[in-house]
Amino acid sequence: MEIKEYVRPASLDEAYSFVVEKKGFPLGGGAWVHMNVRSVDLAVDLSALKLDYIVDKGDAVEIGAMATARQIETSALLNQAFSGAFARATEHLVGVQLRNLITIGGTVAGKYGFSDLVTLLVALDAKLVLYRDKTIDIASFLTAARETPYLIEKIIVAKNAAAAFQSVRVTQNDFSILNAGAAFHPGKGWQIAVGARPAAARLALKAAQYLGMSRKPDEHTAKEAGCLASEEISFGSDVRGSDEYRKLVCETLVMRAVMEAAK
Amino acid sequence: MTISLKVNGKPVKIECNPGDVLTDVLRNAGFVEVKKGCGTGNCGICTVLLDGVPVPSCSLIAGRADGHEITTIRGVEAEAREFADFLVAEGADQCGFCSPGFTLNVLAMKKELKSPSIDEIKHYMAGNLCRCTGYEGQLRAVVKYLEAQHE
C-alpha cells in the first residue's frame with residue numbers, strides 16, 4: 001500500500017477526527033495492508049490508543065479493538081468464561097507471529113469471510129461499540145452496508161452464554177473450509193452462526209428457533225438443527241471446497257457445536 | 001517519513017514510505033540478517049521481535065515500528081549460537097535460510113511458555129516453515145535445547 005501521510009493519534013478523539021471526519025484509512029493490525037495495492041492519502045495507525053485490553057466487567061467481557069488474536073487465544077478470562085471457545089476460534093490463524101499483529105477490530109471491520117473469530121462473535125451476539133456512534137450487534141454490522149466511516153472502540157461479549165466453536169480445515173494453519181459457532185443465551189435461547197461459507201458468518205435463525213429454549217438438546221435434536229442450518233444458509237465454492245461439500249459439512253459442524261455448548 | 005527505532009539496542013533513523021514493510025526497510029538499512037520468504041506472513045522466515053514479541057516483519061508496515069524496539073537474530077547472538085549447536089547436532093541446519101526466524105521464535109517461546117509439551121511446541125512453531133528438514137530434526141533440537149535450559 002502506498003501511504004502519502006501517516007499519523008498515529010494518541011487519543012480516541014484525535015483518531016475519530018482522522019478516521020471519520022478526514023476519512024483516513026484506519027490501520028488495525030495492518031497484517032494484510034501490504035498486500036493491498038491501493039494508495040491512500042492518510043493512514044491512521046490506531047496502535048497508540050491503548051485499545052489492546054481484555055477486561056472483566058462483571059456480567060460481560062470488553063475486548064478493545066486493538067487486542068490481538070494471540071491475546072484473545074491466550075486470555076484466561078475469555079477462555080474460562082467461554083470454555084476455550086475463543087482459543088479454538090483464534091489458534092489456527094497462520095502462526096503465533098501473525099496472530100501477534102492481527103487485531104479483533106481489524107478482523108471485524110474487514111468482515112473477512114474466512115474468519116473463525118467473527119463466527120464465534122456472531123454466535124455470542126457480541127456488541128460492537130463504535131466510538132461517538134451507535135452500538136450495533138455484530139450480525140447486523142456484517143450484513144448492513146455502511147457508507148460513512150466509523151471507528152471501532154471495543155467489542156462487548158455477555159458472559160452468561162454457553163458457547164462452542166467448530167471448524168474443519170485441510171491443515172491446522174489453513175483457513176477454515178467451514179466453521180460454526182453455537183451459543184445458548186439464558187432467557188433468549190440459541191444463536192447459531194456459520195462462517196467461511198466461504199463468505200462471512202451468517203445466523204441460522206431456523207435452526208436456533210427449532211432448538212428453542214432447550215438448554216441441553218439431545219443429539220437427534222442437535223442433528224436436526226444442523227440439517228435446518230444447512231438448508232437455510234447459502235454456500236459457495238472456492239479452492240477449499242464446493243458448495244455441496246460445505247452444505248453437508250454444515251450439518252455435522254452445527255450439531256457438534258450445539259452438543260458442545262450444551263455440555 | 002523518517003522512522004526512529006532501536007535495532008538490537010542501537011538507535012536508528014531510517015527514511016521510508018510508511019507503507020513499506022519492515023523487512024525491506026531493515027534490509028535496505030543494512031540489516032540483511034532479516035530474510036524475506038513468502039512475503040505474506042505465513043512462513044516465519046522474516047520473524048523479528050517487536051518490543052520482545054515475535055512478529056512477521058514482512059507483514060508489519062514500517063510506520064508502526066516507529067518508536068519501538070526491534071530485535072533481529074544479531075541482537076541475540078549468544079543465545080542463537082547456543083541454539084544453533086542443537087540444530088546442527090540434530091542435522092536440522094541444512095540450507096539455513098529459515099534459521100534466523102525459527103531461532104527468534106524458539107527464543108520467544110522459551111520466554112512465553114514454561115516447560116511446553118511437544119504439542120505446545122508444535123503449535124507455537126507452526127508459523128515457521130522449513131523446506132529442508134521435515135521438521136523432526138528441528139523438533140528434537142528444540143526439545144533438547146529447552147531441556148538443557150533446565151539443567
# chains A, B, ... in the order shown; residues from 1 in each chain; ligands from 1

call {"tool": "interface_residues", "arguments": {"of": "chain A", "to": "chain B", "cutoff": "7 Å", "atoms": "only C-alpha atoms", "output": "list of chain:residue names"}}
result
A:Met1, A:Glu2, A:Ile3, A:Tyr6, A:Gly30, A:Ala31, A:Trp32, A:His34, A:Val94, A:Gly95, A:Val96, A:Gln97, A:Leu98, A:Asn100, A:Leu101

call {"tool": "residues_around", "arguments": {"residues": "Glu69 in chain B", "least_positions_apart": "6", "cutoff": "9 Å", "atoms": "only C-alpha atoms", "output": "VMD selection string"}}
result
chain B and resid 5 to 11 49 to 52

call {"tool": "write_last_selection", "arguments": {"atoms": "C-alpha atoms", "output": "mmCIF file, in the first residue's frame"}}
result
data_model
loop_
_atom_site.group_PDB
_atom_site.id
_atom_site.type_symbol
_atom_site.label_atom_id
_atom_site.label_comp_id
_atom_site.auth_asym_id
_atom_site.auth_seq_id
_atom_site.Cartn_x
_atom_site.Cartn_y
_atom_site.Cartn_z
ATOM 1 C CA LEU B 5 13.605 2.907 16.238
ATOM 2 C CA LYS B 6 16.052 0.841 18.198
ATOM 3 C CA VAL B 7 17.504 -2.126 16.376
ATOM 4 C CA ASN B 8 19.350 -4.538 18.633
ATOM 5 C CA GLY B 9 19.630 -1.846 21.269
ATOM 6 C CA LYS B 10 21.039 0.865 18.996
ATOM 7 C CA PRO B 11 19.003 3.937 17.943
ATOM 8 C CA LEU B 49 10.956 -9.292 17.857
ATOM 9 C CA LEU B 50 8.891 -6.103 18.189
ATOM 10 C CA ASP B 51 9.319 -4.965 21.795
ATOM 11 C CA GLY B 52 10.190 -8.586 22.573
#

call {"tool": "residues_around", "arguments": {"residues": "Leu228 in chain A", "least_positions_apart": "5", "cutoff": "12 Å", "atoms": "only C-alpha atoms", "output": "ChimeraX atom specification"}}
result
/A:192,194,203-211,221-223,233-234,247-248,250-252,254-255

call {"tool": "closest_residue", "arguments": {"among": "A:Arg215, A:Arg8, A:Tyr16, A:Ala257", "to": "Arg88 in chain A", "atoms": "only C-alpha atoms"}}
result
A:Ala257

call {"tool": "atom_distance", "arguments": {"atom1": "CA of Leu142 in chain A", "atom2": "CA of Leu93 in chain A"}}
result
20.3 Å

call {"tool": "closest_residue", "arguments": {"among": "B:Ala62, B:Val76, B:Val25, B:Ile70", "to": "Val106 in chain B", "atoms": "only C-alpha atoms"}}
result
B:Val76

call {"tool": "closest_residue", "arguments": {"among": "B:Thr103, B:Gln94, B:Thr2, B:Ser117", "to": "Arg74 in chain B", "atoms": "only C-alpha atoms"}}
result
B:Thr103

call {"tool": "atom_distance", "arguments": {"atom1": "CA of Glu91 in chain A", "atom2": "CA of Gln166 in chain A"}}
result
12.1 Å

call {"tool": "closest_residue", "arguments": {"among": "B:Gln149, B:Gln138, B:Thr72, B:Ser115", "to": "Val32 in chain B", "atoms": "only C-alpha atoms"}}
result
B:Thr72

call {"tool": "atom_distance", "arguments": {"atom1": "CA of His150 in chain B", "atom2": "CA of Lys110 in chain B"}}
result
11.0 Å

call {"tool": "select_by_dssp", "arguments": {"residues": "chain B", "states": "strand (DSSP E)", "output": "list in words"}}
result
Thr2, Ile3, Ser4, Leu5, Lys6, Val7, Lys10, Pro11, Val12, Lys13, Ile14, Glu15, Thr47, Val48, Leu49, Leu50, Val53, Pro54, Val55, Pro56, Glu69, Ile70 and Thr71 of chain B

call {"tool": "write_last_selection", "arguments": {"atoms": "N, CA and C atoms", "output": "PDB file, in the first residue's frame"}}
result
ATOM      1  N   THR B   2      10.519   9.720   8.262  1.00  0.00           N
ATOM      2  CA  THR B   2      11.681   9.141   8.935  1.00  0.00           C
ATOM      3  C   THR B   2      11.185   8.385  10.160  1.00  0.00           C
ATOM      4  N   ILE B   3      11.544   7.118  10.246  1.00  0.00           N
ATOM      5  CA  ILE B   3      11.159   6.374  11.452  1.00  0.00           C
ATOM      6  C   ILE B   3      12.393   6.248  12.355  1.00  0.00           C
ATOM      7  N   SER B   4      12.141   6.427  13.639  1.00  0.00           N
ATOM      8  CA  SER B   4      13.211   6.289  14.631  1.00  0.00           C
ATOM      9  C   SER B   4      12.909   5.052  15.460  1.00  0.00           C
ATOM     10  N   LEU B   5      13.829   4.126  15.475  1.00  0.00           N
ATOM     11  CA  LEU B   5      13.605   2.907  16.238  1.00  0.00           C
ATOM     12  C   LEU B   5      14.933   2.413  16.801  1.00  0.00           C
ATOM     13  N   LYS B   6      14.842   1.481  17.701  1.00  0.00           N
ATOM     14  CA  LYS B   6      16.052   0.841  18.198  1.00  0.00           C
ATOM     15  C   LYS B   6      16.149  -0.520  17.541  1.00  0.00           C
ATOM     16  N   VAL B   7      17.285  -0.790  16.924  1.00  0.00           N
ATOM     17  CA  VAL B   7      17.504  -2.126  16.376  1.00  0.00           C
ATOM     18  C   VAL B   7      18.648  -2.757  17.153  1.00  0.00           C
ATOM     19  N   LYS B  10      20.443  -0.383  19.492  1.00  0.00           N
ATOM     20  CA  LYS B  10      21.039   0.865  18.996  1.00  0.00           C
ATOM     21  C   LYS B  10      20.004   1.730  18.290  1.00  0.00           C
ATOM     22  N   PRO B  11      19.954   3.039  18.622  1.00  0.00           N
ATOM     23  CA  PRO B  11      19.003   3.937  17.943  1.00  0.00           C
ATOM     24  C   PRO B  11      19.345   4.067  16.453  1.00  0.00           C
ATOM     25  N   VAL B  12      18.301   3.989  15.619  1.00  0.00           N
ATOM     26  CA  VAL B  12      18.483   4.070  14.171  1.00  0.00           C
ATOM     27  C   VAL B  12      17.394   4.977  13.612  1.00  0.00           C
ATOM     28  N   LYS B  13      17.745   5.796  12.633  1.00  0.00           N
ATOM     29  CA  LYS B  13      16.743   6.574  11.908  1.00  0.00           C
ATOM     30  C   LYS B  13      16.773   6.115  10.459  1.00  0.00           C
ATOM     31  N   ILE B  14      15.607   5.809   9.920  1.00  0.00           N
ATOM     32  CA  ILE B  14      15.550   5.306   8.548  1.00  0.00           C
ATOM     33  C   ILE B  14      14.474   6.066   7.770  1.00  0.00           C
ATOM     34  N   GLU B  15      14.828   6.468   6.573  1.00  0.00           N
ATOM     35  CA  GLU B  15      13.882   7.144   5.680  1.00  0.00           C
ATOM     36  C   GLU B  15      13.109   6.074   4.904  1.00  0.00           C
ATOM     37  N   THR B  47      10.791 -13.329  10.726  1.00  0.00           N
ATOM     38  CA  THR B  47      10.459 -13.006  12.120  1.00  0.00           C
ATOM     39  C   THR B  47      11.506 -12.099  12.770  1.00  0.00           C
ATOM     40  N   VAL B  48      11.012 -11.050  13.412  1.00  0.00           N
ATOM     41  CA  VAL B  48      11.845 -10.220  14.299  1.00  0.00           C
ATOM     42  C   VAL B  48      11.044 -10.068  15.596  1.00  0.00           C
ATOM     43  N   LEU B  49      11.684  -9.574  16.628  1.00  0.00           N
ATOM     44  CA  LEU B  49      10.956  -9.292  17.857  1.00  0.00           C
ATOM     45  C   LEU B  49      10.630  -7.803  17.884  1.00  0.00           C
ATOM     46  N   LEU B  50       9.353  -7.496  18.054  1.00  0.00           N
ATOM     47  CA  LEU B  50       8.891  -6.103  18.189  1.00  0.00           C
ATOM     48  C   LEU B  50       8.599  -5.900  19.674  1.00  0.00           C
ATOM     49  N   VAL B  53       8.245  -9.211  21.241  1.00  0.00           N
ATOM     50  CA  VAL B  53       7.188 -10.122  20.786  1.00  0.00           C
ATOM     51  C   VAL B  53       7.454 -10.515  19.333  1.00  0.00           C
ATOM     52  N   PRO B  54       7.392 -11.826  19.006  1.00  0.00           N
ATOM     53  CA  PRO B  54       7.702 -12.220  17.619  1.00  0.00           C
ATOM     54  C   PRO B  54       6.615 -11.796  16.634  1.00  0.00           C
ATOM     55  N   VAL B  55       7.032 -11.158  15.564  1.00  0.00           N
ATOM     56  CA  VAL B  55       6.101 -10.733  14.504  1.00  0.00           C
ATOM     57  C   VAL B  55       6.749 -10.993  13.147  1.00  0.00           C
ATOM     58  N   PRO B  56       5.927 -11.193  12.106  1.00  0.00           N
ATOM     59  CA  PRO B  56       6.491 -11.337  10.755  1.00  0.00           C
ATOM     60  C   PRO B  56       6.778  -9.933  10.201  1.00  0.00           C
ATOM     61  N   GLU B  69      11.196  -1.002  19.611  1.00  0.00           N
ATOM     62  CA  GLU B  69      12.473  -1.712  19.656  1.00  0.00           C
ATOM     63  C   GLU B  69      12.378  -3.003  18.840  1.00  0.00           C
ATOM     64  N   ILE B  70      13.302  -3.160  17.923  1.00  0.00           N
ATOM     65  CA  ILE B  70      13.326  -4.351  17.068  1.00  0.00           C
ATOM     66  C   ILE B  70      14.563  -5.179  17.414  1.00  0.00           C
ATOM     67  N   THR B  71      14.353  -6.478  17.521  1.00  0.00           N
ATOM     68  CA  THR B  71      15.480  -7.384  17.735  1.00  0.00           C
ATOM     69  C   THR B  71      15.566  -8.337  16.554  1.00  0.00           C
TER      70      THR B  71
END

call {"tool": "residues_around", "arguments": {"residues": "range 77-87 of chain A", "least_positions_apart": "6", "cutoff": "6 Å", "atoms": "only C-alpha atoms", "output": "list in words"}}
result
Ala163, Ala164 and Phe165 of chain A

call {"tool": "select_by_dssp", "arguments": {"residues": "range 22-199 of chain A", "states": "alpha helix (DSSP H)", "output": "number ranges by chain"}}
result
A: 69-73, 76-81, 85-88, 96-99, 104-110, 116-123, 138-143

call {"tool": "closest_atom_pairs", "arguments": {"of": "range 10-102 of chain B", "to": "range 139-147 of chain B", "cutoff": "8 Å", "atoms": "only C-alpha atoms", "output": "tab-separated table"}}
result
residue	atom	partner	partner_atom	distance
B:Phe83	CA	B:Tyr145	CA	6.4
B:Phe86	CA	B:Ala141	CA	5.1
B:Leu87	CA	B:Ala141	CA	5.2
B:Ala89	CA	B:Ala141	CA	7.6
B:Glu90	CA	B:Ala141	CA	6.0
B:Ala92	CA	B:Ala141	CA	7.7

call {"tool": "decode", "arguments": {"residues": "range 67-114 of chain B", "atoms": "N, CA and C atoms", "output": "JSON list (two decimals), in the first residue's frame"}}
result
[["chain", "number", "residue", "atom", "x", "y", "z"],
["B", 67, "GLY", "N", 9.44, 4.34, 16.88],
["B", 67, "GLY", "CA", 9.41, 4.48, 18.34],
["B", 67, "GLY", "C", 9.51, 3.17, 19.09],
["B", 68, "HIS", "N", 9.65, 2.07, 18.37],
["B", 68, "HIS", "CA", 9.68, 0.76, 19.03],
["B", 68, "HIS", "C", 11.08, 0.12, 18.93],
["B", 69, "GLU", "N", 11.20, -1.00, 19.61],
["B", 69, "GLU", "CA", 12.47, -1.71, 19.66],
["B", 69, "GLU", "C", 12.38, -3.00, 18.84],
["B", 70, "ILE", "N", 13.30, -3.16, 17.92],
["B", 70, "ILE", "CA", 13.33, -4.35, 17.07],
["B", 70, "ILE", "C", 14.56, -5.18, 17.41],
["B", 71, "THR", "N", 14.35, -6.48, 17.52],
["B", 71, "THR", "CA", 15.48, -7.38, 17.73],
["B", 71, "THR", "C", 15.57, -8.34, 16.55],
["B", 72, "THR", "N", 16.72, -8.36, 15.91],
["B", 72, "THR", "CA", 16.97, -9.33, 14.85],
["B", 72, "THR", "C", 17.84, -10.44, 15.44],
["B", 73, "ILE", "N", 18.17, -11.41, 14.62],
["B", 73, "ILE", "CA", 18.97, -12.54, 15.11],
["B", 73, "ILE", "C", 20.33, -12.05, 15.66],
["B", 74, "ARG", "N", 20.84, -10.95, 15.11],
["B", 74, "ARG", "CA", 22.13, -10.43, 15.61],
["B", 74, "ARG", "C", 22.02, -9.86, 17.01],
["B", 75, "GLY", "N", 20.82, -9.52, 17.41],
["B", 75, "GLY", "CA", 20.63, -8.96, 18.74],
["B", 75, "GLY", "C", 20.60, -10.02, 19.82],
["B", 76, "VAL", "N", 20.55, -11.29, 19.41],
["B", 76, "VAL", "CA", 20.50, -12.39, 20.40],
["B", 76, "VAL", "C", 21.61, -13.39, 20.07],
["B", 77, "GLU", "N", 22.77, -12.86, 19.71],
["B", 77, "GLU", "CA", 23.81, -13.70, 19.13],
["B", 77, "GLU", "C", 24.23, -14.87, 20.03],
["B", 78, "ALA", "N", 24.41, -14.58, 21.31],
["B", 78, "ALA", "CA", 24.90, -15.64, 22.21],
["B", 78, "ALA", "C", 23.88, -16.77, 22.32],
["B", 79, "GLU", "N", 22.61, -16.41, 22.53],
["B", 79, "GLU", "CA", 21.56, -17.44, 22.62],
["B", 79, "GLU", "C", 21.39, -18.17, 21.30],
["B", 80, "ALA", "N", 21.49, -17.42, 20.20],
["B", 80, "ALA", "CA", 21.31, -18.03, 18.88],
["B", 80, "ALA", "C", 22.42, -19.05, 18.61],
["B", 81, "ARG", "N", 23.64, -18.71, 19.01],
["B", 81, "ARG", "CA", 24.76, -19.65, 18.82],
["B", 81, "ARG", "C", 24.52, -20.93, 19.63],
["B", 82, "GLU", "N", 24.04, -20.73, 20.84],
["B", 82, "GLU", "CA", 23.78, -21.90, 21.70],
["B", 82, "GLU", "C", 22.72, -22.80, 21.06],
["B", 83, "PHE", "N", 21.64, -22.17, 20.59],
["B", 83, "PHE", "CA", 20.58, -22.98, 19.97],
["B", 83, "PHE", "C", 21.07, -23.60, 18.66],
["B", 84, "ALA", "N", 21.90, -22.88, 17.92],
["B", 84, "ALA", "CA", 22.41, -23.39, 16.64],
["B", 84, "ALA", "C", 23.17, -24.71, 16.85],
["B", 85, "ASP", "N", 23.87, -24.82, 17.98],
["B", 85, "ASP", "CA", 24.59, -26.07, 18.25],
["B", 85, "ASP", "C", 23.63, -27.25, 18.33],
["B", 86, "PHE", "N", 22.45, -27.00, 18.91],
["B", 86, "PHE", "CA", 21.45, -28.07, 19.00],
["B", 86, "PHE", "C", 20.88, -28.40, 17.62],
["B", 87, "LEU", "N", 20.67, -27.37, 16.80],
["B", 87, "LEU", "CA", 20.18, -27.61, 15.43],
["B", 87, "LEU", "C", 21.18, -28.45, 14.64],
["B", 88, "VAL", "N", 22.45, -28.07, 14.73],
["B", 88, "VAL", "CA", 23.49, -28.77, 13.98],
["B", 88, "VAL", "C", 23.61, -30.22, 14.47],
["B", 89, "ALA", "N", 23.53, -30.39, 15.79],
["B", 89, "ALA", "CA", 23.68, -31.74, 16.36],
["B", 89, "ALA", "C", 22.58, -32.66, 15.87],
["B", 90, "GLU", "N", 21.42, -32.10, 15.54],
["B", 90, "GLU", "CA", 20.30, -32.92, 15.06],
["B", 90, "GLU", "C", 20.22, -32.94, 13.53],
["B", 91, "GLY", "N", 21.20, -32.36, 12.87],
["B", 91, "GLY", "CA", 21.19, -32.33, 11.40],
["B", 91, "GLY", "C", 20.06, -31.49, 10.85],
["B", 92, "ALA", "N", 19.65, -30.48, 11.61],
["B", 92, "ALA", "CA", 18.48, -29.70, 11.21],
["B", 92, "ALA", "C", 18.86, -28.30, 10.73],
["B", 93, "ASP", "N", 20.13, -28.10, 10.38],
["B", 93, "ASP", "CA", 20.52, -26.77, 9.92],
["B", 93, "ASP", "C", 20.34, -26.64, 8.40],
["B", 94, "GLN", "N", 20.76, -27.64, 7.67],
["B", 94, "GLN", "CA", 20.65, -27.70, 6.21],
["B", 94, "GLN", "C", 20.88, -26.34, 5.54],
["B", 95, "CYS", "N", 19.94, -25.81, 4.74],
["B", 95, "CYS", "CA", 20.26, -24.59, 3.98],
["B", 95, "CYS", "C", 20.36, -23.37, 4.88],
["B", 96, "GLY", "N", 19.67, -23.37, 6.00],
["B", 96, "GLY", "CA", 19.81, -22.30, 6.99],
["B", 96, "GLY", "C", 19.01, -21.05, 6.74],
["B", 97, "PHE", "N", 18.26, -21.02, 5.63],
["B", 97, "PHE", "CA", 17.55, -19.78, 5.29],
["B", 97, "PHE", "C", 16.45, -19.46, 6.31],
["B", 98, "CYS", "N", 15.82, -20.49, 6.86],
["B", 98, "CYS", "CA", 14.73, -20.26, 7.81],
["B", 98, "CYS", "C", 15.24, -20.11, 9.23],
["B", 99, "SER", "N", 16.53, -20.41, 9.45],
["B", 99, "SER", "CA", 17.05, -20.49, 10.82],
["B", 99, "SER", "C", 16.94, -19.19, 11.63],
["B", 100, "PRO", "N", 17.22, -18.00, 11.06],
["B", 100, "PRO", "CA", 17.11, -16.79, 11.89],
["B", 100, "PRO", "C", 15.70, -16.59, 12.46],
["B", 101, "GLY", "N", 14.69, -16.72, 11.60],
["B", 101, "GLY", "CA", 13.31, -16.54, 12.06],
["B", 101, "GLY", "C", 12.90, -17.65, 13.01],
["B", 102, "PHE", "N", 13.31, -18.87, 12.68],
["B", 102, "PHE", "CA", 12.98, -20.03, 13.51],
["B", 102, "PHE", "C", 13.58, -19.85, 14.90],
["B", 103, "THR", "N", 14.85, -19.46, 14.93],
["B", 103, "THR", "CA", 15.55, -19.31, 16.21],
["B", 103, "THR", "C", 14.91, -18.21, 17.06],
["B", 104, "LEU", "N", 14.57, -17.08, 16.44],
["B", 104, "LEU", "CA", 13.93, -16.00, 17.21],
["B", 104, "LEU", "C", 12.60, -16.45, 17.80],
["B", 105, "ASN", "N", 11.87, -17.28, 17.03],
["B", 105, "ASN", "CA", 10.58, -17.74, 17.56],
["B", 105, "ASN", "C", 10.77, -18.75, 18.69],
["B", 106, "VAL", "N", 11.81, -19.57, 18.59],
["B", 106, "VAL", "CA", 12.13, -20.50, 19.69],
["B", 106, "VAL", "C", 12.47, -19.71, 20.95],
["B", 107, "LEU", "N", 13.26, -18.67, 20.80],
["B", 107, "LEU", "CA", 13.65, -17.86, 21.97],
["B", 107, "LEU", "C", 12.44, -17.14, 22.57],
["B", 108, "ALA", "N", 11.52, -16.70, 21.70],
["B", 108, "ALA", "CA", 10.29, -16.07, 22.20],
["B", 108, "ALA", "C", 9.44, -17.08, 22.94],
["B", 109, "MET", "N", 9.37, -18.30, 22.40],
["B", 109, "MET", "CA", 8.60, -19.37, 23.05],
["B", 109, "MET", "C", 9.19, -19.70, 24.42],
["B", 110, "LYS", "N", 10.50, -19.73, 24.48],
["B", 110, "LYS", "CA", 11.18, -20.05, 25.76],
["B", 110, "LYS", "C", 10.78, -19.05, 26.84],
["B", 111, "LYS", "N", 10.63, -17.79, 26.43],
["B", 111, "LYS", "CA", 10.23, -16.75, 27.39],
["B", 111, "LYS", "C", 8.76, -16.88, 27.77],
["B", 112, "GLU", "N", 7.93, -17.23, 26.78],
["B", 112, "GLU", "CA", 6.48, -17.18, 26.98],
["B", 112, "GLU", "C", 5.92, -18.43, 27.64],
["B", 113, "LEU", "N", 6.46, -19.60, 27.30],
["B", 113, "LEU", "CA", 5.89, -20.85, 27.80],
["B", 113, "LEU", "C", 6.87, -21.54, 28.75],
["B", 114, "LYS", "N", 6.35, -21.97, 29.87],
["B", 114, "LYS", "CA", 7.18, -22.72, 30.82],
["B", 114, "LYS", "C", 7.02, -24.21, 30.54]]
